[in-house]
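Enquirer: My questions all concern the structure below.
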Amino acid sequence: IIQKGEVLIKVCYFGINRADILQRKGLYPPPEGTTDVLGLECAGLIVATWKKGEGAASSKSKFLEGERVMALLSGGGYAEYVVAKEETVMRIPPRISLQDAAAIPEQWLTAFQLIKIGEAKMGDYVVVHAAGSGVGTSIVQQLRLMGAFPIAVAGKAEKLESSKSLGAVFGVNYKESKEFGKEILKFMVKRTRTESKDKGVDLVLDCVGASHFGENIRCLGVDGRWVLYGLLGGAKVNEFNLGLILGKRISLRGTTLRSRSTLYKAKLIEEFEKQILPHFGTKEGVAVKVNKVFEFNEIQDAHDYMESNKNFGKILVKVVKDA
């Protein structure tokens with residue numbers, strides 16, 4: 001039964017996210033009161049809405065049956081149908097396909113949130129870890145759109161080259177350059193023509209954690225910001241010098257999106273729809289980067305593919321054959 005403020009969506013595509021893999025392994029439980037079915041985003045068609053009362057006193061959903069929509073979910077996206085709160089549902093612009101739309105909610109809203117929390121602005125130099133991931137490709141493009149300078153960090157040369165094609169001004173392979181922070185500082189010296197020790201980057205967007213901890217501190221400038229949103233490289237740092245953070249006046253902030261309130265997500269979506277969504281499909285705008293689409297009976301294959309780190313861009317699953 002659809003409650004007030006909810007819609008029922010027939011799912012055509014849904015996205016694969018790292019959080020899904022962690023939840024499947026028992027490492028990332030869903031928020032309290034959320035279904036244990038995986039899936040944080042989808043795109044599809046409205047098949048049912050709510051209505052309350054009759055006549056002048058009646059109220060109803062802002063959506064219509066048959067409308068193409070994409071939704072940010074707390075769970076439940078790996079399904080043929082999903083109930084979503086209206087505040088977390090967006091209409092799909094005509095120039096965006098259902099397939100591409102499924103790659104937007106979790107990925108692009110996460111990127112949008114990180115840039116906001118990191119207070120990125122025009123002219124900032126921003127290190128983007130996992131630059132070849134879905135979120136990474138979204139961050140790079142949004143930074144370019146606002147006039148900031150993305151610096152891509154990834155483990156494969158082809159991912160770095162692809163990141164540069166999206167707008168990254170520099171790329172470094174952390175597998176080949178263990179001291180990648182030093183390589184970034186060398187680039188900053190060339191770029192800014194100054195060897196001032198406080199001229200590091202302005203912001204680091206970090207989904208890796210422990211394994212990159214020291215190099216993040218190394219490449220950050222004075223008053224630099226550091227936003228931590230994942231722990232792919234571990235959660236525990238054995239030894240580090242807090243004096244380095246203190247000396248550079250570094251601000252370290254942690255964030256997630258899934259556990260945020262519906263009110264927070266609604267405001268984030270409202271801002272995203274105004275600031276970013278109109279730029280999709282435009283000449284100087286941004287574009288969804290879908291790497292591979294799996295069938296509904298290939299979900300495990302999709303997870304395996306993501307864990308292999310072969311993808312550049314988004315991994316999707318197709319639910320409806322003729323979508």
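Chain labels A, B, ... are given in the sequence in which chains occur in the structure tokens; within each chain residues are numbered consecutively from 1, and ligands are likewise numbered from 1 in the order shown.
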Quick one: contact table of segment 142-237 of chain A to segment 286-309 of chain A, 9 Å max, nearest atom pair and distance in Å to one decimal per residue, counting only C-alpha atoms, chain and number order, as a Markdown table?
Expert:
| residue | atom | partner | partner_atom | distance |
| --- | --- | --- | --- | --- |
| A:Gln142 | CA | A:Val286 | CA | 7.4 |
| A:Leu145 | CA | A:Val286 | CA | 7.7 |
| A:Leu166 | CA | A:Val286 | CA | 8.7 |
Enquirer: Just the alpha helix (DSSP H) stuff from segment 19-193 of chain A, please, per backbone DSSP, written as a ChimeraX atom specification.
Expert: /A:19-24,98-101,105-117,134-146,157-166,180-192
Enquirer: Hey, can you check how far atom CA of Leu64 of chain A sits from atom CA of Val89 of chain A?
Expert: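 Interatomic distance here is 12.3 Å.
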Enquirer: Tell me, as a count of residues only, which residues lie within 7 Å of Ala111 of chain A, counting only C-alpha atoms; anything in the same chain fewer than 6 positions away does not count.
Expert: 3
Enquirer: Give me the residues near Ala130 of chain A as a list in words, where near means some atom within 10 Å (using only C-alpha atoms) and where sequence neighbours in that chain fewer than 6 positions away do not count.
Expert: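 That gives Gly136, Thr137, Ala152, Val153, Ala154, Gly155, Lys159, Leu160, Leu205, Asp206, Cys207, Val208, Leu232, Asn309 and Phe312 of chain A.
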Enquirer: Using only C-alpha atoms, I'd like a table of the residues in segment 85-105 of chain A that come within 8 Å of segment 35-47 of chain A; for each, show the closest atom pair and its distance in Å rounded to one decimal, ordered by chain and ascending number, as CSV.
Expert:
residue,atom,partner,partner_atom,distance
A:Leu98,CA,A:Ala43,CA,6.0
A:Gln99,CA,A:Ala43,CA,7.3
A:Ala101,CA,A:Ala43,CA,6.0
A:Ala102,CA,A:Ala43,CA,4.6
A:Ala103,CA,A:Glu41,CA,7.8
A:Pro105,CA,A:Glu41,CA,5.9
Enquirer: Measuring atom to atom with only C-alpha atoms, identify which of A:Leu114, A:Val127, A:Ile1, A:Ile16 is nearest to Tyr229 of chain A.
Expert: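 Using only C-alpha atoms, Tyr229 of chain A sits closest to A:Leu114.
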Enquirer: Please list as a list of chain:residue names every residue within 10 Å of Val83 of chain A, counting only C-alpha atoms and excluding residues in the same chain fewer than 3 positions away.
Expert: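 The contact residues come out as A:Ile1, A:Ile2, A:Gln3, A:Glu6, A:Val7, A:Leu8, A:Ile9, A:Lys10, A:Ile46, A:Ala48, A:Thr49, A:Ala71, A:Leu73, A:Gly76, A:Gly77, A:Glu86.
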Enquirer: For a quick check of understanding, using only C-alpha atoms, which of A:Val169, A:Ile92, A:Met188, A:Ile269 has the smallest distance to Glu106 of chain A?
Expert: A:Ile269
Enquirer: So how far away is atom CA of Ala266 of chain A from atom CA of Glu119 of chain A, in Å?
Expert: 19.6 Å
Enquirer: May I have all residues of segment 49-261 of chain A that DSSP, computed from the backbone, assigns to strand (DSSP E or B), given as a PyMOL selection string?
Expert: chain A and resi 51-52+59-60+68-72+81-85+89-91+125-129+149-154+170-173+201-206+220-228+251-254
Enquirer: Tell me, in Å to one decimal, how far atom CA of Val317 of chain A is from atom CA of Arg68 of chain A.
Expert: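 Separation of atom CA of Val317 of chain A and atom CA of Arg68 of chain A: 17.2 Å.
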Enquirer: Quick one: everything within 9 Å of segment 215-228 of chain A, counting only C-alpha atoms, minus sequence neighbours fewer than 5 positions away in the same chain. Send it as number ranges by chain.
Expert: A: 114-115, 117-119, 127, 178-185, 197-209, 244-245, 247-256
